[in-house]
Amino acid sequence: NYEDSLFKSARKLIIYNKIEFFLDIGSCWGIYSLRLSKIKKLKILSFDPIPKNIKWLCELLKINNIKNIKLFNTALGSRRDKIKLYGDAEFTPNYSIYEKKKKNMSISKIHKLDNIVKIYKKKLYLKVDIEGHEYPFIIGAKKILSNNNIILQIELFENNKKKVFQYLKKNNFRLIYSYKSDHIFSNFKAKTLQ
């Protein structure tokens, strides 16, 4: 129910504001991306560092003949490197850089979003769910965040919340609303939900 409420809000905000690009940062199994692919003219970029998640999503794209989603098998942060991510079970789609006591480990590339995506003067919706790595992500996405009209849905862990809020406020983002650990911001006068 938690994710479904967030998804319904995201879908409405995307339609109301005529969003052109949806960036699914930490797409896992692509629940947002797949469901939003039905919106005509919406271009979707899905990012996940775990190869099995990308493989699963790629299979679903083929089975459902979906053409408006582009997949990226990489983590996103503030540098270019290789990293280790840890998950608590082999079947979990959720991995974290910081949970080193977890038994399952995966190695991934990590890049800045600004080095992968070149989009200017467009309307974007970013859904960010990256298990505690939120602040390094926004540092690596400075150009995207400042050169476009953005609605940002970001799940924040407590260790990053204050820094992320301060950074976004300093860069002309206002909080639209919060729902549990997810916060929705915008840097333009977005049409909000009733």
# chains A, B, ... in the order shown; residues from 1 in each chain; ligands from 1

$ residues_around --residues "Tyr86 (chain A)" --least-positions-apart "4" --cutoff "7 Å" --atoms "only C-alpha atoms" --output "list in words"
Tyr95, Ser96, Ile97, Glu99, Lys100, Lys102, Lys103, Asn104, Met105 and Ser106 of chain A

$ closest_atom_pairs --of "region 143-180 of chain A" --to "region 128-132 of chain A" --cutoff "8 Å" --atoms "only C-alpha atoms" --output "tab-separated table"
residue	atom	partner	partner_atom	distance
A:Leu152	CA	A:Val128	CA	7.6
A:Gln153	CA	A:Val128	CA	6.1
A:Ile154	CA	A:Val128	CA	4.6
A:Glu155	CA	A:Asp129	CA	5.4
A:Leu156	CA	A:Gly132	CA	6.8
A:Phe157	CA	A:Gly132	CA	5.3
A:Asn159	CA	A:Gly132	CA	7.5
A:Asn160	CA	A:Gly132	CA	7.0

$ closest_atom_pairs --of "region 24-98 of chain A" --to "region 7-12 of chain A" --cutoff "10 Å" --atoms "only C-alpha atoms" --output "CSV"
residue,atom,partner,partner_atom,distance
A:Ile31,CA,A:Phe7,CA,9.0
A:Tyr32,CA,A:Phe7,CA,6.8
A:Arg35,CA,A:Phe7,CA,8.9
A:Leu36,CA,A:Arg11,CA,7.1
A:Ile39,CA,A:Arg11,CA,8.9

$ write_last_selection --atoms "N, CA and C atoms" --output "JSON list (two decimals), in the first residue's frame"
[["chain", "number", "residue", "atom", "x", "y", "z"],
["A", 31, "ILE", "N", 9.11, -1.71, -11.06],
["A", 31, "ILE", "CA", 7.67, -1.57, -10.83],
["A", 31, "ILE", "C", 7.17, -0.20, -11.30],
["A", 32, "TYR", "N", 7.89, 0.86, -10.96],
["A", 32, "TYR", "CA", 7.50, 2.20, -11.43],
["A", 32, "TYR", "C", 7.65, 2.30, -12.95],
["A", 35, "ARG", "N", 5.01, 0.29, -15.05],
["A", 35, "ARG", "CA", 3.65, 0.82, -14.96],
["A", 35, "ARG", "C", 3.53, 2.18, -15.66],
["A", 36, "LEU", "N", 4.58, 2.98, -15.59],
["A", 36, "LEU", "CA", 4.54, 4.31, -16.23],
["A", 36, "LEU", "C", 4.77, 4.25, -17.73],
["A", 39, "ILE", "N", 2.25, 5.61, -20.31],
["A", 39, "ILE", "CA", 1.99, 7.03, -20.56],
["A", 39, "ILE", "C", 2.64, 7.41, -21.89]]

$ residues_around --residues "Cys58 (chain A)" --least-positions-apart "5" --cutoff "9 Å" --atoms "only C-alpha atoms" --output "MDAnalysis selection string"
chainID A and resid 53 63 71

$ write_last_selection --atoms "N, CA and C atoms" --output "mmCIF file, in the first residue's frame"
data_model
loop_
_atom_site.group_PDB
_atom_site.id
_atom_site.type_symbol
_atom_site.label_atom_id
_atom_site.label_comp_id
_atom_site.auth_asym_id
_atom_site.auth_seq_id
_atom_site.Cartn_x
_atom_site.Cartn_y
_atom_site.Cartn_z
ATOM 1 N N ASN A 53 18.701 -7.693 -11.359
ATOM 2 C CA ASN A 53 17.533 -6.807 -11.468
ATOM 3 C C ASN A 53 17.374 -6.301 -12.895
ATOM 4 N N ILE A 63 9.040 -9.309 -23.123
ATOM 5 C CA ILE A 63 7.755 -10.020 -23.034
ATOM 6 C C ILE A 63 6.589 -9.081 -23.323
ATOM 7 N N LEU A 71 17.582 1.012 -20.182
ATOM 8 C CA LEU A 71 18.149 0.467 -18.952
ATOM 9 C C LEU A 71 19.627 0.810 -18.802
#

$ atom_distance --atom1 "CA of Tyr125 (chain A)" --atom2 "CA of His183 (chain A)"
12.8 Å

$ residues_around --residues "Leu42 (chain A)" --least-positions-apart "6" --cutoff "12 Å" --atoms "only C-alpha atoms" --output "CSV table (one decimal) with all heavy atoms, in the first residue's frame"
chain,number,residue,atom,x,y,z
A,11,ARG,N,2.3,9.2,-10.7
A,11,ARG,CA,1.6,9.1,-12.0
A,11,ARG,C,0.8,10.4,-12.2
A,11,ARG,O,0.9,11.0,-13.3
A,11,ARG,CB,0.7,7.9,-12.0
A,11,ARG,CG,0.1,7.6,-13.4
A,11,ARG,CD,-0.7,6.3,-13.4
A,11,ARG,NE,-1.2,6.1,-14.7
A,11,ARG,CZ,-2.3,6.7,-15.3
A,11,ARG,NH1,-2.9,7.6,-14.5
A,11,ARG,NH2,-2.7,6.4,-16.5
A,14,ILE,N,3.1,13.4,-12.9
A,14,ILE,CA,3.7,13.3,-14.2
A,14,ILE,C,2.7,13.7,-15.3
A,14,ILE,O,3.0,14.5,-16.2
A,14,ILE,CB,4.2,11.8,-14.5
A,14,ILE,CG1,5.4,11.5,-13.6
A,14,ILE,CG2,4.4,11.6,-15.9
A,14,ILE,CD1,5.8,10.1,-13.5
A,15,ILE,N,1.5,13.3,-15.2
A,15,ILE,CA,0.4,13.7,-16.1
A,15,ILE,C,0.1,15.1,-16.0
A,15,ILE,O,0.0,15.9,-17.0
A,15,ILE,CB,-0.8,12.7,-16.0
A,15,ILE,CG1,-0.4,11.3,-16.4
A,15,ILE,CG2,-2.0,13.3,-16.8
A,15,ILE,CD1,-1.5,10.3,-16.1
A,17,ASN,N,1.7,17.6,-14.9
A,17,ASN,CA,2.8,18.6,-15.2
A,17,ASN,C,3.4,18.3,-16.6
A,17,ASN,O,4.5,18.9,-16.9
A,17,ASN,CB,3.8,18.6,-14.1
A,17,ASN,CG,3.3,19.2,-12.9
A,17,ASN,OD1,3.2,20.4,-12.8
A,17,ASN,ND2,2.9,18.4,-11.9
A,18,LYS,N,2.8,17.4,-17.4
A,18,LYS,CA,3.3,17.1,-18.7
A,18,LYS,C,4.8,16.8,-18.7
A,18,LYS,O,5.6,17.3,-19.5
A,18,LYS,CB,3.0,18.2,-19.7
A,18,LYS,CG,1.5,18.4,-19.8
A,18,LYS,CD,1.2,19.5,-20.8
A,18,LYS,CE,-0.3,19.7,-20.8
A,18,LYS,NZ,-0.8,20.8,-21.7
A,19,ILE,N,5.2,15.9,-17.8
A,19,ILE,CA,6.6,15.5,-17.6
A,19,ILE,C,7.1,14.7,-18.9
A,19,ILE,O,6.3,13.9,-19.4
A,19,ILE,CB,6.8,14.6,-16.4
A,19,ILE,CG1,6.4,15.4,-15.1
A,19,ILE,CG2,8.2,14.0,-16.3
A,19,ILE,CD1,7.3,16.5,-14.8
A,20,GLU,N,8.3,15.0,-19.3
A,20,GLU,CA,8.8,14.4,-20.6
A,20,GLU,C,9.7,13.2,-20.3
A,20,GLU,O,9.8,12.3,-21.1
A,20,GLU,CB,9.6,15.4,-21.3
A,20,GLU,CG,8.8,16.7,-21.8
A,20,GLU,CD,9.6,17.8,-22.2
A,20,GLU,OE1,10.0,17.9,-23.4
A,20,GLU,OE2,9.9,18.7,-21.3
A,21,PHE,N,10.4,13.2,-19.2
A,21,PHE,CA,11.4,12.1,-18.8
A,21,PHE,C,11.1,11.6,-17.4
A,21,PHE,O,11.0,12.5,-16.5
A,21,PHE,CB,12.8,12.6,-18.9
A,21,PHE,CG,13.3,12.8,-20.3
A,21,PHE,CD1,13.1,14.1,-20.9
A,21,PHE,CD2,14.0,11.9,-21.0
A,21,PHE,CE1,13.6,14.3,-22.1
A,21,PHE,CE2,14.5,12.1,-22.2
A,21,PHE,CZ,14.3,13.3,-22.8
A,22,PHE,N,11.0,10.3,-17.2
A,22,PHE,CA,11.0,9.7,-15.9
A,22,PHE,C,12.3,9.0,-15.6
A,22,PHE,O,12.7,8.1,-16.4
A,22,PHE,CB,9.8,8.8,-15.7
A,22,PHE,CG,9.8,8.1,-14.4
A,22,PHE,CD1,9.4,8.7,-13.3
A,22,PHE,CD2,10.2,6.7,-14.3
A,22,PHE,CE1,9.3,8.1,-12.0
A,22,PHE,CE2,10.1,6.1,-13.1
A,22,PHE,CZ,9.7,6.7,-11.9
A,23,LEU,N,13.0,9.4,-14.6
A,23,LEU,CA,14.3,8.7,-14.3
A,23,LEU,C,14.0,7.9,-13.0
A,23,LEU,O,13.7,8.4,-11.9
A,23,LEU,CB,15.4,9.7,-14.0
A,23,LEU,CG,16.1,10.2,-15.3
A,23,LEU,CD1,15.2,11.0,-16.2
A,23,LEU,CD2,17.4,11.0,-14.9
A,33,SER,N,8.8,1.9,-13.4
A,33,SER,CA,9.1,2.1,-14.9
A,33,SER,C,8.1,1.4,-15.7
A,33,SER,O,7.6,1.9,-16.7
A,33,SER,CB,10.5,1.6,-15.2
A,33,SER,OG,11.5,2.4,-14.6
A,34,LEU,N,7.8,0.1,-15.4
A,34,LEU,CA,6.9,-0.7,-16.2
A,34,LEU,C,5.5,-0.1,-16.2
A,34,LEU,O,4.8,0.0,-17.3
A,34,LEU,CB,6.9,-2.1,-15.7
A,34,LEU,CG,8.2,-2.9,-15.9
A,34,LEU,CD1,8.2,-4.2,-15.1
A,34,LEU,CD2,8.4,-3.3,-17.4
A,35,ARG,N,5.0,0.3,-15.0
A,35,ARG,CA,3.6,0.8,-15.0
A,35,ARG,C,3.5,2.2,-15.7
A,35,ARG,O,2.5,2.5,-16.2
A,35,ARG,CB,3.2,0.9,-13.5
A,35,ARG,CG,3.0,-0.5,-12.9
A,35,ARG,CD,2.9,-0.4,-11.4
A,35,ARG,NE,1.5,0.0,-11.0
A,35,ARG,CZ,1.1,0.3,-9.8
A,35,ARG,NH1,2.0,0.2,-8.8
A,35,ARG,NH2,-0.1,0.6,-9.5
A,36,LEU,N,4.6,3.0,-15.6
A,36,LEU,CA,4.5,4.3,-16.2
A,36,LEU,C,4.8,4.3,-17.7
A,36,LEU,O,4.5,5.2,-18.4
A,36,LEU,CB,5.6,5.2,-15.6
A,36,LEU,CG,5.3,5.7,-14.1
A,36,LEU,CD1,6.4,6.4,-13.5
A,36,LEU,CD2,4.0,6.5,-14.1
A,66,ILE,N,7.8,-3.4,-24.7
A,66,ILE,CA,7.9,-2.1,-24.2
A,66,ILE,C,9.1,-1.4,-24.8
A,66,ILE,O,10.2,-2.0,-24.7
A,66,ILE,CB,7.9,-2.0,-22.7
A,66,ILE,CG1,6.6,-2.5,-22.1
A,66,ILE,CG2,8.2,-0.6,-22.2
A,66,ILE,CD1,6.6,-2.7,-20.6
A,67,LYS,N,8.9,-0.3,-25.5
A,67,LYS,CA,10.0,0.4,-26.2
A,67,LYS,C,10.5,1.7,-25.6
A,67,LYS,O,11.5,2.2,-26.1
A,67,LYS,CB,9.5,0.7,-27.7
A,67,LYS,CG,9.0,-0.5,-28.4
A,67,LYS,CD,10.1,-1.5,-28.8
A,67,LYS,CE,9.5,-2.6,-29.7
A,67,LYS,NZ,10.5,-3.7,-29.8
A,68,ASN,N,9.8,2.2,-24.6
A,68,ASN,CA,10.1,3.6,-24.1
A,68,ASN,C,10.9,3.6,-22.8
A,68,ASN,O,11.0,4.6,-22.1
A,68,ASN,CB,8.9,4.5,-24.0
A,68,ASN,CG,7.9,3.9,-23.0
A,68,ASN,OD1,7.8,2.7,-22.8
A,68,ASN,ND2,7.1,4.8,-22.5
A,69,ILE,N,11.6,2.4,-22.5
A,69,ILE,CA,12.4,2.3,-21.3
A,69,ILE,C,13.8,2.0,-21.8
A,69,ILE,O,14.0,1.0,-22.5
A,69,ILE,CB,11.9,1.3,-20.3
A,69,ILE,CG1,10.5,1.6,-19.8
A,69,ILE,CG2,12.9,1.2,-19.1
A,69,ILE,CD1,9.9,0.6,-18.9
A,70,LYS,N,14.8,2.8,-21.3
A,70,LYS,CA,16.2,2.5,-21.5
A,70,LYS,C,16.8,2.1,-20.2
A,70,LYS,O,16.6,2.8,-19.2
A,70,LYS,CB,16.9,3.8,-22.1
A,70,LYS,CG,18.3,3.5,-22.5
A,70,LYS,CD,18.9,4.7,-23.3
A,70,LYS,CE,20.3,4.4,-23.7
A,70,LYS,NZ,20.9,5.6,-24.4
A,122,LYS,N,14.1,20.6,-20.0
A,122,LYS,CA,13.0,19.7,-20.1
A,122,LYS,C,12.3,19.5,-18.7
A,122,LYS,O,12.8,20.0,-17.7
A,122,LYS,CB,13.5,18.3,-20.6
A,122,LYS,CG,14.2,18.3,-21.9
A,122,LYS,CD,13.3,18.6,-23.1
A,122,LYS,CE,14.0,18.5,-24.4
A,122,LYS,NZ,13.1,18.9,-25.5
A,123,LYS,N,11.2,18.8,-18.7
A,123,LYS,CA,10.5,18.5,-17.5
A,123,LYS,C,10.8,17.0,-17.1
A,123,LYS,O,10.5,16.1,-17.9
A,123,LYS,CB,9.0,18.7,-17.6
A,123,LYS,CG,8.6,20.2,-17.6
A,123,LYS,CD,7.1,20.3,-17.6
A,123,LYS,CE,6.7,21.8,-17.5
A,123,LYS,NZ,5.2,21.9,-17.4
A,124,LEU,N,11.4,16.8,-15.9
A,124,LEU,CA,11.8,15.5,-15.5
A,124,LEU,C,11.1,15.2,-14.1
A,124,LEU,O,11.0,16.1,-13.3
A,124,LEU,CB,13.3,15.4,-15.3
A,124,LEU,CG,14.2,15.3,-16.5
A,124,LEU,CD1,14.1,16.5,-17.4
A,124,LEU,CD2,15.6,15.1,-16.0
A,125,TYR,N,10.8,13.9,-14.0
A,125,TYR,CA,10.4,13.4,-12.7
A,125,TYR,C,11.5,12.3,-12.3
A,125,TYR,O,11.7,11.4,-13.0
A,125,TYR,CB,9.1,12.7,-12.7
A,125,TYR,CG,8.5,12.4,-11.4
A,125,TYR,CD1,7.4,13.1,-10.9
A,125,TYR,CD2,9.0,11.3,-10.6
A,125,TYR,CE1,6.8,12.8,-9.7
A,125,TYR,CE2,8.4,11.0,-9.4
A,125,TYR,CZ,7.4,11.7,-8.9
A,125,TYR,OH,6.8,11.4,-7.7

$ atom_distance --atom1 "CA of Ser146 (chain A)" --atom2 "CA of Ser186 (chain A)"
11.2 Å

$ closest_residue --among "A:Asp4, A:Glu134, A:Asp88, A:Asp48" --to "Tyr167 (chain A)" --atoms "only C-alpha atoms"
A:Glu134

$ closest_residue --among "A:Lys121, A:Asn148, A:Leu175, A:Leu85" --to "His133 (chain A)" --atoms "only C-alpha atoms"
A:Leu85

$ closest_residue --among "A:Cys28, A:Leu193, A:Ile150, A:Ile184" --to "Leu57 (chain A)" --atoms "only C-alpha atoms"
A:Cys28

$ closest_residue --among "A:Trp29, A:Trp56, A:Tyr120, A:Tyr135" --to "Asn94 (chain A)" --atoms "only C-alpha atoms"
A:Trp29

$ select_by_dssp --residues "region 76-192 of chain A" --states "strand (DSSP E)" --output "ChimeraX atom specification"
/A:76,81-87,104-111,123-128,149-155,174-179,182-186

$ write_last_selection --atoms "N, CA and C atoms" --output "CSV table (one decimal), in the first residue's frame"
chain,number,residue,atom,x,y,z
A,76,LEU,N,24.6,5.1,-9.0
A,76,LEU,CA,24.8,6.5,-9.2
A,76,LEU,C,25.3,7.2,-7.9
A,81,ASP,N,33.7,4.9,-10.4
A,81,ASP,CA,34.5,3.9,-9.7
A,81,ASP,C,33.8,2.6,-9.8
A,82,LYS,N,34.3,1.6,-9.0
A,82,LYS,CA,33.6,0.3,-8.8
A,82,LYS,C,33.3,0.2,-7.3
A,83,ILE,N,32.1,-0.4,-7.0
A,83,ILE,CA,31.7,-0.5,-5.6
A,83,ILE,C,31.2,-1.8,-5.3
A,84,LYS,N,31.1,-2.2,-4.0
A,84,LYS,CA,30.5,-3.4,-3.5
A,84,LYS,C,29.2,-3.0,-2.9
A,85,LEU,N,28.1,-3.8,-3.2
A,85,LEU,CA,26.8,-3.6,-2.6
A,85,LEU,C,26.4,-4.9,-1.9
A,86,TYR,N,25.6,-4.7,-0.8
A,86,TYR,CA,25.3,-5.9,0.0
A,86,TYR,C,23.8,-6.0,0.2
A,87,GLY,N,23.3,-7.3,0.1
A,87,GLY,CA,21.9,-7.6,0.3
A,87,GLY,C,21.7,-8.6,1.4
A,104,ASN,N,25.1,-11.3,1.1
A,104,ASN,CA,25.1,-11.3,-0.4
A,104,ASN,C,25.8,-10.1,-0.9
A,105,MET,N,26.7,-10.2,-1.8
A,105,MET,CA,27.5,-9.1,-2.3
A,105,MET,C,27.5,-9.1,-3.8
A,106,SER,N,27.4,-7.8,-4.3
A,106,SER,CA,27.4,-7.6,-5.8
A,106,SER,C,28.4,-6.5,-6.1
A,107,ILE,N,29.1,-6.6,-7.2
A,107,ILE,CA,30.0,-5.5,-7.6
A,107,ILE,C,29.4,-4.7,-8.7
A,108,SER,N,29.5,-3.4,-8.7
A,108,SER,CA,28.9,-2.6,-9.7
A,108,SER,C,29.8,-1.4,-10.1
A,109,LYS,N,29.6,-0.9,-11.3
A,109,LYS,CA,30.1,0.4,-11.6
A,109,LYS,C,29.3,1.5,-10.9
A,110,ILE,N,30.0,2.6,-10.6
A,110,ILE,CA,29.2,3.8,-10.1
A,110,ILE,C,29.7,5.0,-11.0
A,111,HIS,N,28.7,5.8,-11.3
A,111,HIS,CA,28.9,7.0,-12.2
A,111,HIS,C,28.1,8.2,-11.6
A,123,LYS,N,11.2,18.8,-18.7
A,123,LYS,CA,10.5,18.5,-17.5
A,123,LYS,C,10.8,17.0,-17.1
A,124,LEU,N,11.4,16.8,-15.9
A,124,LEU,CA,11.8,15.5,-15.5
A,124,LEU,C,11.1,15.2,-14.1
A,125,TYR,N,10.8,13.9,-14.0
A,125,TYR,CA,10.4,13.4,-12.7
A,125,TYR,C,11.5,12.3,-12.3
A,126,LEU,N,12.2,12.6,-11.2
A,126,LEU,CA,13.2,11.6,-10.7
A,126,LEU,C,12.6,10.9,-9.4
A,127,LYS,N,12.6,9.6,-9.5
A,127,LYS,CA,12.2,8.8,-8.3
A,127,LYS,C,13.6,8.1,-7.9
A,128,VAL,N,14.0,8.5,-6.6
A,128,VAL,CA,15.3,8.1,-6.1
A,128,VAL,C,15.0,7.2,-4.9
A,149,ASN,N,13.4,21.5,-15.3
A,149,ASN,CA,12.3,21.6,-14.4
A,149,ASN,C,12.1,20.2,-13.8
A,150,ILE,N,12.3,20.1,-12.5
A,150,ILE,CA,12.4,18.8,-11.8
A,150,ILE,C,11.3,18.6,-10.8
A,151,ILE,N,10.7,17.4,-10.8
A,151,ILE,CA,10.0,17.0,-9.6
A,151,ILE,C,10.8,15.8,-9.1
A,152,LEU,N,11.2,15.9,-7.8
A,152,LEU,CA,12.1,14.9,-7.2
A,152,LEU,C,11.4,14.1,-6.1
A,153,GLN,N,11.2,12.8,-6.3
A,153,GLN,CA,10.7,12.0,-5.2
A,153,GLN,C,11.9,11.2,-4.7
A,154,ILE,N,12.2,11.5,-3.4
A,154,ILE,CA,13.5,10.9,-2.9
A,154,ILE,C,13.2,10.2,-1.5
A,155,GLU,N,13.5,9.0,-1.4
A,155,GLU,CA,13.5,8.3,-0.1
A,155,GLU,C,14.7,8.6,0.7
A,174,ARG,N,11.6,23.3,-3.5
A,174,ARG,CA,10.7,23.4,-2.4
A,174,ARG,C,10.0,22.1,-2.1
A,175,LEU,N,9.7,21.8,-0.9
A,175,LEU,CA,9.0,20.6,-0.5
A,175,LEU,C,7.6,20.7,-0.9
A,176,ILE,N,7.1,19.7,-1.7
A,176,ILE,CA,5.7,19.7,-2.1
A,176,ILE,C,4.9,18.9,-0.9
A,177,TYR,N,5.4,17.7,-0.6
A,177,TYR,CA,4.8,17.0,0.5
A,177,TYR,C,5.8,15.8,0.9
A,178,SER,N,5.5,15.3,2.1
A,178,SER,CA,6.3,14.1,2.5
A,178,SER,C,5.3,13.0,2.9
A,179,TYR,N,5.7,11.8,2.6
A,179,TYR,CA,4.9,10.6,3.0
A,179,TYR,C,5.9,9.6,3.6
A,182,ASP,N,9.6,9.1,2.3
A,182,ASP,CA,9.7,9.7,0.9
A,182,ASP,C,9.3,11.2,1.0
A,183,HIS,N,10.0,12.0,0.2
A,183,HIS,CA,9.8,13.4,0.2
A,183,HIS,C,9.8,13.9,-1.3
A,184,ILE,N,8.8,14.7,-1.7
A,184,ILE,CA,8.6,15.2,-3.0
A,184,ILE,C,8.9,16.6,-3.1
A,185,PHE,N,9.9,17.0,-3.9
A,185,PHE,CA,10.3,18.4,-4.1
A,185,PHE,C,10.1,18.8,-5.5
A,186,SER,N,10.1,20.1,-5.8
A,186,SER,CA,10.1,20.7,-7.1
A,186,SER,C,10.9,22.0,-7.2

$ closest_residue --among "A:Asn73, A:Leu168, A:Tyr16, A:Lys43" --to "Lys189 (chain A)" --atoms "only C-alpha atoms"
A:Tyr16

$ atom_distance --atom1 "CA of Gly140 (chain A)" --atom2 "CA of Arg80 (chain A)"
9.6 Å

$ residues_around --residues "Pro136 (chain A)" --least-positions-apart "4" --cutoff "9 Å" --atoms "only C-alpha atoms" --output "list in words"
Leu76, Gly77, Ser78, Arg79, Lys112, Gly140 and Ala141 of chain A

$ write_last_selection --atoms "C-alpha atoms" --output "CSV table (one decimal), in the first residue's frame"
chain,number,residue,atom,x,y,z
A,76,LEU,CA,24.8,6.5,-9.2
A,77,GLY,CA,26.8,8.7,-6.9
A,78,SER,CA,29.4,11.5,-6.9
A,79,ARG,CA,32.3,9.7,-8.5
A,112,LYS,CA,27.7,10.5,-11.8
A,140,GLY,CA,26.6,13.8,-9.0
A,141,ALA,CA,23.4,15.1,-10.5

$ decode --residues "region 129-152 of chain A" --atoms "N, CA and C atoms" --output "PDB file, in the first residue's frame"
ATOM      1  N   ASP A 129      15.461   5.919  -4.995  1.00  0.00           N
ATOM      2  CA  ASP A 129      15.342   4.939  -3.908  1.00  0.00           C
ATOM      3  C   ASP A 129      16.631   4.136  -3.893  1.00  0.00           C
ATOM      4  N   ILE A 130      17.640   4.668  -3.186  1.00  0.00           N
ATOM      5  CA  ILE A 130      18.990   4.085  -3.294  1.00  0.00           C
ATOM      6  C   ILE A 130      19.637   3.778  -1.933  1.00  0.00           C
ATOM      7  N   GLU A 131      18.802   3.431  -0.977  1.00  0.00           N
ATOM      8  CA  GLU A 131      19.245   2.812   0.273  1.00  0.00           C
ATOM      9  C   GLU A 131      20.376   3.550   0.997  1.00  0.00           C
ATOM     10  N   GLY A 132      20.194   4.842   1.243  1.00  0.00           N
ATOM     11  CA  GLY A 132      21.145   5.609   2.040  1.00  0.00           C
ATOM     12  C   GLY A 132      22.195   6.379   1.277  1.00  0.00           C
ATOM     13  N   HIS A 133      22.209   6.271  -0.039  1.00  0.00           N
ATOM     14  CA  HIS A 133      23.244   6.931  -0.860  1.00  0.00           C
ATOM     15  C   HIS A 133      22.699   8.201  -1.541  1.00  0.00           C
ATOM     16  N   GLU A 134      21.715   8.830  -0.918  1.00  0.00           N
ATOM     17  CA  GLU A 134      21.004   9.942  -1.548  1.00  0.00           C
ATOM     18  C   GLU A 134      21.866  11.193  -1.724  1.00  0.00           C
ATOM     19  N   TYR A 135      22.613  11.563  -0.699  1.00  0.00           N
ATOM     20  CA  TYR A 135      23.392  12.809  -0.807  1.00  0.00           C
ATOM     21  C   TYR A 135      24.477  12.713  -1.887  1.00  0.00           C
ATOM     22  N   PRO A 136      25.291  11.656  -1.925  1.00  0.00           N
ATOM     23  CA  PRO A 136      26.257  11.554  -3.027  1.00  0.00           C
ATOM     24  C   PRO A 136      25.578  11.554  -4.402  1.00  0.00           C
ATOM     25  N   PHE A 137      24.384  10.952  -4.492  1.00  0.00           N
ATOM     26  CA  PHE A 137      23.664  10.965  -5.764  1.00  0.00           C
ATOM     27  C   PHE A 137      23.365  12.387  -6.225  1.00  0.00           C
ATOM     28  N   ILE A 138      22.795  13.228  -5.345  1.00  0.00           N
ATOM     29  CA  ILE A 138      22.422  14.579  -5.795  1.00  0.00           C
ATOM     30  C   ILE A 138      23.650  15.418  -6.128  1.00  0.00           C
ATOM     31  N   ILE A 139      24.778  15.156  -5.476  1.00  0.00           N
ATOM     32  CA  ILE A 139      26.025  15.862  -5.818  1.00  0.00           C
ATOM     33  C   ILE A 139      26.454  15.488  -7.238  1.00  0.00           C
ATOM     34  N   GLY A 140      26.270  14.239  -7.618  1.00  0.00           N
ATOM     35  CA  GLY A 140      26.624  13.791  -8.965  1.00  0.00           C
ATOM     36  C   GLY A 140      25.569  14.100 -10.018  1.00  0.00           C
ATOM     37  N   ALA A 141      24.475  14.760  -9.599  1.00  0.00           N
ATOM     38  CA  ALA A 141      23.385  15.097 -10.531  1.00  0.00           C
ATOM     39  C   ALA A 141      23.136  16.605 -10.569  1.00  0.00           C
ATOM     40  N   LYS A 142      24.148  17.401 -10.204  1.00  0.00           N
ATOM     41  CA  LYS A 142      23.995  18.865 -10.110  1.00  0.00           C
ATOM     42  C   LYS A 142      23.480  19.493 -11.401  1.00  0.00           C
ATOM     43  N   LYS A 143      24.062  19.113 -12.531  1.00  0.00           N
ATOM     44  CA  LYS A 143      23.677  19.726 -13.809  1.00  0.00           C
ATOM     45  C   LYS A 143      22.242  19.370 -14.180  1.00  0.00           C
ATOM     46  N   ILE A 144      21.888  18.108 -14.035  1.00  0.00           N
ATOM     47  CA  ILE A 144      20.511  17.682 -14.334  1.00  0.00           C
ATOM     48  C   ILE A 144      19.536  18.446 -13.450  1.00  0.00           C
ATOM     49  N   LEU A 145      19.840  18.559 -12.167  1.00  0.00           N
ATOM     50  CA  LEU A 145      18.938  19.209 -11.222  1.00  0.00           C
ATOM     51  C   LEU A 145      18.827  20.717 -11.446  1.00  0.00           C
ATOM     52  N   SER A 146      19.874  21.343 -11.956  1.00  0.00           N
ATOM     53  CA  SER A 146      19.841  22.804 -12.127  1.00  0.00           C
ATOM     54  C   SER A 146      19.433  23.248 -13.531  1.00  0.00           C
ATOM     55  N   ASN A 147      19.531  22.369 -14.519  1.00  0.00           N
ATOM     56  CA  ASN A 147      19.260  22.761 -15.908  1.00  0.00           C
ATOM     57  C   ASN A 147      17.899  22.304 -16.434  1.00  0.00           C
ATOM     58  N   ASN A 148      17.055  21.776 -15.553  1.00  0.00           N
ATOM     59  CA  ASN A 148      15.748  21.263 -15.966  1.00  0.00           C
ATOM     60  C   ASN A 148      14.693  21.599 -14.924  1.00  0.00           C
ATOM     61  N   ASN A 149      13.430  21.493 -15.331  1.00  0.00           N
ATOM     62  CA  ASN A 149      12.320  21.580 -14.384  1.00  0.00           C
ATOM     63  C   ASN A 149      12.126  20.183 -13.803  1.00  0.00           C
ATOM     64  N   ILE A 150      12.296  20.078 -12.488  1.00  0.00           N
ATOM     65  CA  ILE A 150      12.376  18.776 -11.830  1.00  0.00           C
ATOM     66  C   ILE A 150      11.300  18.610 -10.771  1.00  0.00           C
ATOM     67  N   ILE A 151      10.682  17.440 -10.765  1.00  0.00           N
ATOM     68  CA  ILE A 151       9.970  16.953  -9.584  1.00  0.00           C
ATOM     69  C   ILE A 151      10.811  15.785  -9.081  1.00  0.00           C
ATOM     70  N   LEU A 152      11.214  15.859  -7.818  1.00  0.00           N
ATOM     71  CA  LEU A 152      12.124  14.883  -7.222  1.00  0.00           C
ATOM     72  C   LEU A 152      11.423  14.148  -6.096  1.00  0.00           C
TER      73      LEU A 152
END
